[in-house]
$ cat query-v9.cif   # mmCIF, C-alpha atoms
data_upload
#
loop_
_atom_site.group_PDB
_atom_site.id
_atom_site.type_symbol
_atom_site.label_atom_id
_atom_site.label_comp_id
_atom_site.auth_asym_id
_atom_site.auth_seq_id
_atom_site.Cartn_x
_atom_site.Cartn_y
_atom_site.Cartn_z
ATOM 1 C CA MET A 1 127.185 84.728 21.130
ATOM 2 C CA ASP A 2 127.338 84.201 17.375
ATOM 3 C CA SER A 3 127.448 87.254 15.145
ATOM 4 C CA VAL A 4 124.281 87.604 13.080
ATOM 5 C CA ARG A 5 124.646 91.145 11.756
ATOM 6 C CA ALA A 6 123.998 90.253 8.119
ATOM 7 C CA LEU A 7 122.354 87.019 6.990
ATOM 8 C CA LEU A 8 121.781 86.163 3.346
ATOM 9 C CA ILE A 9 118.659 84.161 2.586
ATOM 10 C CA LEU A 10 118.847 82.075 -0.567
ATOM 11 C CA LEU A 11 115.388 81.266 -1.902
ATOM 12 C CA PRO A 12 114.806 77.901 -3.607
ATOM 13 C CA ASP A 13 114.927 79.323 -7.130
ATOM 14 C CA ALA A 14 117.907 81.626 -6.500
ATOM 15 C CA GLN A 15 121.266 80.812 -8.041
ATOM 16 C CA LEU A 16 124.162 80.435 -5.634
ATOM 17 C CA PRO A 17 126.142 83.694 -5.538
ATOM 18 C CA GLU A 18 129.834 84.145 -6.173
ATOM 19 C CA ALA A 19 131.972 83.778 -3.061
ATOM 20 C CA SER A 20 133.167 87.371 -3.425
ATOM 21 C CA SER A 21 129.605 88.683 -3.061
ATOM 22 C CA VAL A 22 129.011 87.008 0.320
ATOM 23 C CA GLU A 23 132.207 88.012 2.118
ATOM 24 C CA HIS A 24 130.164 90.275 4.415
ATOM 25 C CA ALA A 25 127.612 87.583 5.291
ATOM 26 C CA ASP A 26 127.745 86.226 8.825
ATOM 27 C CA ALA A 27 125.761 83.224 7.575
ATOM 28 C CA ILE A 28 123.857 81.964 4.550
ATOM 29 C CA VAL A 29 120.362 80.629 5.142
ATOM 30 C CA LEU A 30 119.196 78.118 2.524
ATOM 31 C CA ALA A 31 115.433 77.884 2.035
ATOM 32 C CA PRO A 32 114.124 74.393 1.228
ATOM 33 C CA PRO A 33 112.789 73.405 -2.212
ATOM 34 C CA THR A 34 109.104 74.094 -2.706
ATOM 35 C CA ASP A 35 108.671 70.824 -4.602
ATOM 36 C CA GLU A 36 109.296 67.633 -2.655
ATOM 37 C CA ALA A 37 110.687 66.055 -5.837
ATOM 38 C CA ASP A 38 113.648 68.429 -5.582
ATOM 39 C CA PHE A 39 114.688 67.003 -2.207
ATOM 40 C CA ALA A 40 116.710 64.401 -4.115
ATOM 41 C CA THR A 41 119.143 67.033 -5.382
ATOM 42 C CA ALA A 42 119.178 69.166 -2.234
ATOM 43 C CA ALA A 43 122.454 67.643 -1.023
ATOM 44 C CA ASP A 44 124.286 68.901 -4.120
ATOM 45 C CA ARG A 45 123.022 72.463 -3.600
ATOM 46 C CA VAL A 46 124.055 72.357 0.049
ATOM 47 C CA ALA A 47 127.505 71.004 -0.836
ATOM 48 C CA ASP A 48 128.007 73.834 -3.334
ATOM 49 C CA ALA A 49 126.835 76.404 -0.769
ATOM 50 C CA LEU A 50 129.355 75.113 1.764
ATOM 51 C CA LEU A 51 132.132 76.099 -0.630
ATOM 52 C CA LEU A 52 131.128 79.775 -0.420
ATOM 53 C CA GLY A 53 132.658 80.210 3.026
ATOM 54 C CA PRO A 54 130.067 81.609 5.479
ATOM 55 C CA PRO A 55 128.296 79.245 7.887
ATOM 56 C CA ILE A 56 125.303 77.511 6.303
ATOM 57 C CA TYR A 57 121.891 77.146 7.938
ATOM 58 C CA LEU A 58 119.226 74.910 6.420
ATOM 59 C CA VAL A 59 115.656 76.156 6.762
ATOM 60 C CA ILE A 60 113.259 73.268 7.204
ATOM 61 C CA PRO A 61 109.759 72.960 5.725
ATOM 62 C CA PRO A 62 107.065 73.706 8.339
ATOM 63 C CA LEU A 63 107.162 70.993 10.975
ATOM 64 C CA GLU A 64 103.427 70.444 10.664
ATOM 65 C CA SER A 65 103.882 69.572 6.968
ATOM 66 C CA GLY A 66 105.592 66.303 7.850
ATOM 67 C CA LEU A 67 108.356 67.057 5.321
ATOM 68 C CA ALA A 68 111.078 68.413 7.602
ATOM 69 C CA ARG A 69 112.603 65.050 8.449
ATOM 70 C CA ARG A 70 112.530 63.866 4.845
ATOM 71 C CA TYR A 71 114.168 67.061 3.599
ATOM 72 C CA LEU A 72 116.920 67.034 6.203
ATOM 73 C CA GLN A 73 117.676 63.370 5.603
ATOM 74 C CA SER A 74 118.408 64.359 2.002
ATOM 75 C CA ALA A 75 120.176 67.686 2.575
ATOM 76 C CA PHE A 76 121.995 67.561 5.915
ATOM 77 C CA GLN A 77 125.709 66.773 5.779
ATOM 78 C CA ALA A 78 128.954 67.401 7.613
ATOM 79 C CA GLY A 79 129.831 71.080 7.446
ATOM 80 C CA VAL A 80 126.283 72.405 7.856
ATOM 81 C CA TYR A 81 126.408 74.884 10.729
ATOM 82 C CA GLY A 82 122.775 74.924 11.793
ATOM 83 C CA ILE A 83 119.106 74.181 11.229
ATOM 84 C CA ALA A 84 116.505 76.956 11.200
ATOM 85 C CA SER A 85 112.764 76.687 11.726
ATOM 86 C CA GLN A 86 110.795 79.613 10.313
ATOM 87 C CA ALA A 87 107.836 79.571 12.672
ATOM 88 C CA LEU A 88 107.499 77.797 15.977
ATOM 89 C CA LYS A 89 104.029 76.610 16.932
ATOM 90 C CA SER A 90 104.696 74.823 20.235
ATOM 91 C CA VAL A 91 107.345 73.745 22.713
ATOM 92 C CA ASP A 92 106.830 70.169 21.542
ATOM 93 C CA GLN A 93 107.848 71.218 18.028
ATOM 94 C CA LEU A 94 111.068 72.664 19.400
ATOM 95 C CA ARG A 95 111.827 69.460 21.276
ATOM 96 C CA TYR A 96 111.067 67.411 18.174
ATOM 97 C CA LEU A 97 113.439 69.553 16.128
ATOM 98 C CA GLU A 98 116.216 68.962 18.623
ATOM 99 C CA SER A 99 115.658 65.196 18.563
ATOM 100 C CA LEU A 100 115.677 65.280 14.774
ATOM 101 C CA ILE A 101 118.994 67.144 14.737
ATOM 102 C CA GLU A 102 120.466 64.580 17.127
ATOM 103 C CA GLU A 103 119.401 61.809 14.732
ATOM 104 C CA LEU A 104 120.933 63.632 11.770
ATOM 105 C CA GLU A 105 124.236 64.143 13.567
ATOM 106 C CA VAL A 106 124.528 60.414 14.206
ATOM 107 C CA ARG A 107 123.751 59.581 10.571
ATOM 108 C CA ALA A 108 126.252 62.133 9.229
ATOM 109 C CA GLY A 109 129.005 61.305 11.717
ATOM 110 C CA VAL A 110 128.859 64.799 13.188
ATOM 111 C CA ARG A 111 129.855 65.349 16.812
ATOM 112 C CA ALA A 112 126.766 65.352 19.031
ATOM 113 C CA GLY A 113 125.612 68.851 19.905
ATOM 114 C CA LEU A 114 127.682 70.546 17.209
ATOM 115 C CA THR A 115 124.771 71.642 14.991
ATOM 116 C CA ALA A 116 123.204 74.991 15.872
ATOM 117 C CA MET A 117 119.507 75.831 16.043
ATOM 118 C CA ALA A 118 117.711 79.026 15.047
ATOM 119 C CA VAL A 119 113.991 79.535 15.548
ATOM 120 C CA GLY A 120 111.465 82.035 14.242
ATOM 121 C CA PHE A 121 108.733 83.624 16.357
ATOM 122 C CA ASP A 122 106.263 85.546 14.199
ATOM 123 C CA SER A 123 102.736 84.797 15.370
ATOM 124 C CA PRO A 124 100.783 85.873 18.471
ATOM 125 C CA ARG A 125 100.713 82.258 19.679
ATOM 126 C CA ALA A 126 104.463 81.869 19.224
ATOM 127 C CA LEU A 127 105.187 85.075 21.122
ATOM 128 C CA THR A 128 103.107 83.949 24.097
ATOM 129 C CA ILE A 129 105.135 80.735 24.452
ATOM 130 C CA MET A 130 108.532 82.222 23.616
ATOM 131 C CA ALA A 131 109.846 82.407 27.171
ATOM 132 C CA GLU A 132 108.496 78.920 27.947
ATOM 133 C CA ALA A 133 110.070 77.508 24.783
ATOM 134 C CA LEU A 134 113.492 79.003 25.441
ATOM 135 C CA SER A 135 113.361 77.947 29.087
ATOM 136 C CA ALA A 136 112.558 74.387 28.017
ATOM 137 C CA MET A 137 115.664 74.438 25.851
ATOM 138 C CA ARG A 138 118.076 75.660 28.530
ATOM 139 C CA HIS A 139 119.911 72.348 28.346
ATOM 140 C CA SER A 140 120.416 73.041 24.632
ATOM 141 C CA ALA A 141 121.915 76.494 25.129
ATOM 142 C CA ASP A 142 124.947 75.564 23.061
ATOM 143 C CA ARG A 143 122.703 74.784 20.079
ATOM 144 C CA MET A 144 120.459 77.847 20.137
ATOM 145 C CA THR A 145 122.288 80.676 18.383
ATOM 146 C CA TRP A 146 119.679 83.221 17.277
ATOM 147 C CA ILE A 147 116.006 84.062 17.117
ATOM 148 C CA ALA A 148 114.274 85.293 13.968
ATOM 149 C CA PHE A 149 111.402 87.772 14.041
ATOM 150 C CA ASN A 150 109.449 88.870 10.977
ATOM 151 C CA HIS A 151 107.433 91.935 11.912
ATOM 152 C CA VAL A 152 105.759 92.031 8.477
ATOM 153 C CA ASP A 153 104.267 88.554 8.945
ATOM 154 C CA LEU A 154 103.055 89.456 12.426
ATOM 155 C CA ALA A 155 101.463 92.666 11.119
ATOM 156 C CA ALA A 156 99.640 90.711 8.413
ATOM 157 C CA ILE A 157 98.270 88.256 10.976
ATOM 158 C CA LEU A 158 97.060 91.096 13.201
ATOM 159 C CA GLY A 159 95.702 93.141 10.309
ATOM 160 C CA VAL A 160 97.755 96.227 11.180
ATOM 161 C CA GLU A 161 100.530 98.178 9.494
ATOM 162 C CA PRO A 162 104.115 96.939 10.054
ATOM 163 C CA GLU A 163 104.946 100.390 11.459
ATOM 164 C CA SER A 164 102.158 100.220 14.054
ATOM 165 C CA ALA A 165 102.787 100.659 17.762
ATOM 166 C CA THR A 166 101.444 97.141 18.329
ATOM 167 C CA VAL A 167 104.133 95.580 16.145
ATOM 168 C CA ALA A 168 106.856 97.813 17.612
ATOM 169 C CA SER A 169 105.815 96.693 21.102
ATOM 170 C CA ALA A 170 105.940 93.047 20.026
ATOM 171 C CA SER A 171 109.397 93.590 18.512
ATOM 172 C CA ALA A 172 110.693 95.051 21.758
ATOM 173 C CA SER A 173 109.173 92.165 23.715
ATOM 174 C CA VAL A 174 110.933 89.598 21.513
ATOM 175 C CA VAL A 175 114.280 91.376 21.962
ATOM 176 C CA LEU A 176 113.866 91.551 25.752
ATOM 177 C CA THR A 177 112.808 87.916 26.090
ATOM 178 C CA ALA A 178 115.671 86.658 23.921
ATOM 179 C CA ALA A 179 118.158 88.830 25.798
ATOM 180 C CA GLY A 180 117.132 87.073 29.002
ATOM 181 C CA PHE A 181 118.510 83.898 27.423
ATOM 182 C CA GLU A 182 121.543 85.689 25.934
ATOM 183 C CA LEU A 183 120.296 85.165 22.386
ATOM 184 C CA PRO A 184 120.412 87.755 19.586
ATOM 185 C CA VAL A 185 117.349 88.508 17.486
ATOM 186 C CA VAL A 186 117.484 88.890 13.704
ATOM 187 C CA TYR A 187 115.086 91.234 11.907
ATOM 188 C CA GLY A 188 113.430 90.352 8.620
ATOM 189 C CA SER A 189 113.294 93.623 6.699
ATOM 190 C CA PRO A 190 116.457 95.398 5.455
ATOM 191 C CA GLY A 191 114.455 98.522 4.705
ATOM 192 C CA ASP A 192 113.780 98.953 8.418
ATOM 193 C CA ALA A 193 117.251 97.991 9.599
ATOM 194 C CA GLU A 194 117.902 101.356 11.286
ATOM 195 C CA LEU A 195 114.733 100.964 13.337
ATOM 196 C CA ALA A 196 115.619 97.371 14.150
ATOM 197 C CA ALA A 197 119.049 98.401 15.429
ATOM 198 C CA SER A 198 117.467 101.079 17.622
ATOM 199 C CA LEU A 199 115.124 98.461 19.120
ATOM 200 C CA GLY A 200 118.019 96.181 20.061
ATOM 201 C CA PHE A 201 118.014 93.699 17.195
ATOM 202 C CA ARG A 202 121.512 92.337 16.537
ATOM 203 C CA GLY A 203 121.200 91.808 12.790
ATOM 204 C CA CYS A 204 118.994 91.539 9.742
ATOM 205 C CA ALA A 205 118.265 89.000 7.019
ATOM 206 C CA THR A 206 118.113 89.871 3.337
ATOM 207 C CA VAL A 207 117.663 88.139 -0.006
ATOM 208 C CA ASP A 208 119.945 90.660 -1.739
ATOM 209 C CA ALA A 209 123.704 90.198 -1.336
ATOM 210 C CA ALA A 210 124.152 93.911 -2.095
ATOM 211 C CA ASP A 211 122.638 94.674 1.341
ATOM 212 C CA LEU A 212 125.180 92.647 3.310
ATOM 213 C CA GLU A 213 127.987 95.171 3.704
ATOM 214 C CA GLY A 214 125.649 97.939 4.854
ATOM 215 C CA LEU A 215 123.844 95.678 7.325
ATOM 216 C CA ARG A 216 127.102 94.410 8.761
ATOM 217 C CA SER A 217 128.372 97.976 9.214
ATOM 218 C CA LEU A 218 125.107 99.162 10.801
ATOM 219 C CA PHE A 219 124.845 96.359 13.333
ATOM 220 C CA SER A 220 128.587 96.384 14.071
ATOM 221 C CA ARG A 221 128.196 100.055 15.005
ATOM 222 C CA SER A 222 125.151 99.204 17.098
ATOM 223 C CA GLU A 223 127.102 96.497 18.949
ATOM 224 C CA THR A 224 129.962 98.904 19.658
ATOM 225 C CA GLU A 225 127.599 101.551 21.011
ATOM 226 C CA SER A 226 125.845 98.971 23.198
ATOM 227 C CA VAL A 227 129.134 97.765 24.702
ATOM 228 C CA ALA A 228 130.261 101.347 25.302
ATOM 229 C CA ALA A 229 126.990 102.146 27.075
ATOM 230 C CA GLU A 230 127.359 99.085 29.333
ATOM 231 C CA GLU A 231 130.928 99.975 30.236
ATOM 232 C CA SER A 232 130.022 103.556 31.137
ATOM 233 C CA ALA A 233 127.003 102.547 33.223
#
$ encode --input "query-v9.cif" --output "structure tokens"
Amino acid sequence: MDSVRALLILLPDAQLPEASSVEHADAIVLAPPTDEADFATAADRVADALLLGPPIYLVIPPLESGLARRYLQSAFQAGVYGIASQALKSVDQLRYLESLIEELEVRAGVRAGLTAMAVGFDSPRALTIMAEALSAMRHSADRMTWIAFNHVDLAAILGVEPESATVASASASVVLTAAGFELPVVYGSPGDAELAASLGFRGCATVDAADLEGLRSLFSRSETESVAAEESA
């Protein structure tokens, strides 16, 4: 199981950080350009990010936008660790993403099956098909490395507060479902990292490199306590 204690998200307009500031990042997640015209220079940004050291994931534009393939054809290259989809809408989308990655690997001369996948579940519809989606991808177990869950987005969709019991219940359900497939779940709000760790999340994403060391320490401690509990059971 890959370590996902502290993930740094780099937004499209964010400058690449110094290597020294990301030493505590388990991975760097590059958001795609908001303007399709910037796809042409995406490969250069990715190449520069690869020099920072941590594994690099490329977030794709929403699959329903029709831009994911075009973006990845411009940005994907040898050395990219994985591809991340922010919000899954259907099992068919997940299968399409896998086929797209297979195509990219051939084009880039990357060993088949080497590129990881990470998928976000943050809508009521996505949560209802989560188990089905992960079951459908059992043959791709070596690709799937983590699940993302943004409780704030889910709360907004439901029209409730992020701290509500409804959202907490959904968070726990995501953790339990992913655990059944031996996948860690990454939280989307550093301010609630303590709560996330208590619910069984294995890490947290942040846009601020200053958060990385604290997140890594928190979720490393959580992992140690979880292992100790299992051994004493």
$ atom_distance --input "query-v9.cif" --atom1 "atom CA of Val186 of chain A" --atom2 "atom CA of Ala205 of chain A"
6.7 Å
$ atom_distance --input "query-v9.cif" --atom1 "atom CA of Leu94 of chain A" --atom2 "atom CA of Pro162 of chain A"
26.9 Å
$ atom_distance --input "query-v9.cif" --atom1 "atom CA of Ile147 of chain A" --atom2 "atom CA of Val119 of chain A"
5.2 Å
$ closest_residue --input "query-v9.cif" --among "A:Thr206, A:Ser164, A:Ser169, A:Gln93" --to "Leu8 of chain A" --atoms "all atoms listed in the file"
A:Thr206
$ residues_around --input "query-v9.cif" --residues "segment 100-107 of chain A" --least-positions-apart "6" --cutoff "9 Å" --atoms "only C-alpha atoms" --output "list in words"
Arg69, Leu72, Gln73, Phe76, Gln77, Ala78, Ile83, Gly113, Leu114, Thr115, Ala116 and Met117 of chain A
$ resolve_selection --input "query-v9.cif" --expression "the PyMOL selection byres ((chain A and resi 204) around 8)" --output "VMD selection string"
chain A and resid 4 to 7 186 to 190 193 201 to 203 205 to 206 215
$ resolve_selection --input "query-v9.cif" --expression "the PyMOL selection byres ((chain A and resi 120-127) around 6)" --output "ChimeraX atom specification"
/A:86-89,119,128-130,147-150,154
$ axis_aligned_box --input "query-v9.cif" --around "segment 146-164 of chain A" --padding-each-side "8 Å" --output "JSON"
{"center_x": 107.7, "center_y": 91.8, "center_z": 12.8, "size_x": 40.0, "size_y": 33.2, "size_z": 24.9}
$ closest_residue --input "query-v9.cif" --among "A:Pro12, A:His24, A:Ser135, A:Pro61" --to "Gly180 of chain A" --atoms "all atoms listed in the file"
A:Ser135
$ build_atoms --input "query-v9.cif" --residues "segment 186-204 of chain A" --atoms "N, CA and C atoms" --output "PDB file, keeping the file's coordinate frame"
ATOM      1  N   VAL A 186     117.255  88.441  15.077  1.00  0.00           N
ATOM      2  CA  VAL A 186     117.484  88.890  13.704  1.00  0.00           C
ATOM      3  C   VAL A 186     116.179  89.423  13.125  1.00  0.00           C
ATOM      4  N   TYR A 187     116.243  90.585  12.517  1.00  0.00           N
ATOM      5  CA  TYR A 187     115.086  91.234  11.907  1.00  0.00           C
ATOM      6  C   TYR A 187     114.896  90.700  10.490  1.00  0.00           C
ATOM      7  N   GLY A 188     113.707  90.913   9.932  1.00  0.00           N
ATOM      8  CA  GLY A 188     113.430  90.352   8.620  1.00  0.00           C
ATOM      9  C   GLY A 188     113.205  91.339   7.504  1.00  0.00           C
ATOM     10  N   SER A 189     113.561  92.621   7.724  1.00  0.00           N
ATOM     11  CA  SER A 189     113.294  93.623   6.699  1.00  0.00           C
ATOM     12  C   SER A 189     114.441  94.618   6.607  1.00  0.00           C
ATOM     13  N   PRO A 190     115.308  94.494   5.592  1.00  0.00           N
ATOM     14  CA  PRO A 190     116.457  95.398   5.455  1.00  0.00           C
ATOM     15  C   PRO A 190     116.065  96.869   5.375  1.00  0.00           C
ATOM     16  N   GLY A 191     114.885  97.139   4.818  1.00  0.00           N
ATOM     17  CA  GLY A 191     114.455  98.522   4.705  1.00  0.00           C
ATOM     18  C   GLY A 191     114.222  99.207   6.033  1.00  0.00           C
ATOM     19  N   ASP A 192     114.004  98.413   7.072  1.00  0.00           N
ATOM     20  CA  ASP A 192     113.780  98.953   8.418  1.00  0.00           C
ATOM     21  C   ASP A 192     114.942  98.646   9.349  1.00  0.00           C
ATOM     22  N   ALA A 193     116.109  98.418   8.788  1.00  0.00           N
ATOM     23  CA  ALA A 193     117.251  97.991   9.599  1.00  0.00           C
ATOM     24  C   ALA A 193     117.640  99.024  10.651  1.00  0.00           C
ATOM     25  N   GLU A 194     117.557 100.307  10.316  1.00  0.00           N
ATOM     26  CA  GLU A 194     117.902 101.356  11.286  1.00  0.00           C
ATOM     27  C   GLU A 194     116.978 101.275  12.496  1.00  0.00           C
ATOM     28  N   LEU A 195     115.694 101.107  12.244  1.00  0.00           N
ATOM     29  CA  LEU A 195     114.733 100.964  13.337  1.00  0.00           C
ATOM     30  C   LEU A 195     115.029  99.718  14.149  1.00  0.00           C
ATOM     31  N   ALA A 196     115.320  98.623  13.461  1.00  0.00           N
ATOM     32  CA  ALA A 196     115.619  97.371  14.150  1.00  0.00           C
ATOM     33  C   ALA A 196     116.814  97.531  15.080  1.00  0.00           C
ATOM     34  N   ALA A 197     117.860  98.188  14.598  1.00  0.00           N
ATOM     35  CA  ALA A 197     119.049  98.401  15.429  1.00  0.00           C
ATOM     36  C   ALA A 197     118.707  99.228  16.661  1.00  0.00           C
ATOM     37  N   SER A 198     117.843 100.224  16.491  1.00  0.00           N
ATOM     38  CA  SER A 198     117.467 101.079  17.622  1.00  0.00           C
ATOM     39  C   SER A 198     116.639 100.331  18.657  1.00  0.00           C
ATOM     40  N   LEU A 199     115.943  99.266  18.214  1.00  0.00           N
ATOM     41  CA  LEU A 199     115.124  98.461  19.120  1.00  0.00           C
ATOM     42  C   LEU A 199     115.927  97.365  19.814  1.00  0.00           C
ATOM     43  N   GLY A 200     117.184  97.181  19.422  1.00  0.00           N
ATOM     44  CA  GLY A 200     118.019  96.181  20.061  1.00  0.00           C
ATOM     45  C   GLY A 200     118.237  94.912  19.280  1.00  0.00           C
ATOM     46  N   PHE A 201     117.733  94.860  18.032  1.00  0.00           N
ATOM     47  CA  PHE A 201     118.014  93.699  17.195  1.00  0.00           C
ATOM     48  C   PHE A 201     119.511  93.674  16.883  1.00  0.00           C
ATOM     49  N   ARG A 202     120.074  92.483  16.753  1.00  0.00           N
ATOM     50  CA  ARG A 202     121.512  92.337  16.537  1.00  0.00           C
ATOM     51  C   ARG A 202     121.886  92.141  15.071  1.00  0.00           C
ATOM     52  N   GLY A 203     120.888  92.013  14.192  1.00  0.00           N
ATOM     53  CA  GLY A 203     121.200  91.808  12.790  1.00  0.00           C
ATOM     54  C   GLY A 203     119.940  91.766  11.962  1.00  0.00           C
ATOM     55  N   CYS A 204     120.121  91.535  10.670  1.00  0.00           N
ATOM     56  CA  CYS A 204     118.994  91.539   9.742  1.00  0.00           C
ATOM     57  C   CYS A 204     119.252  90.523   8.634  1.00  0.00           C
TER      58      CYS A 204
END
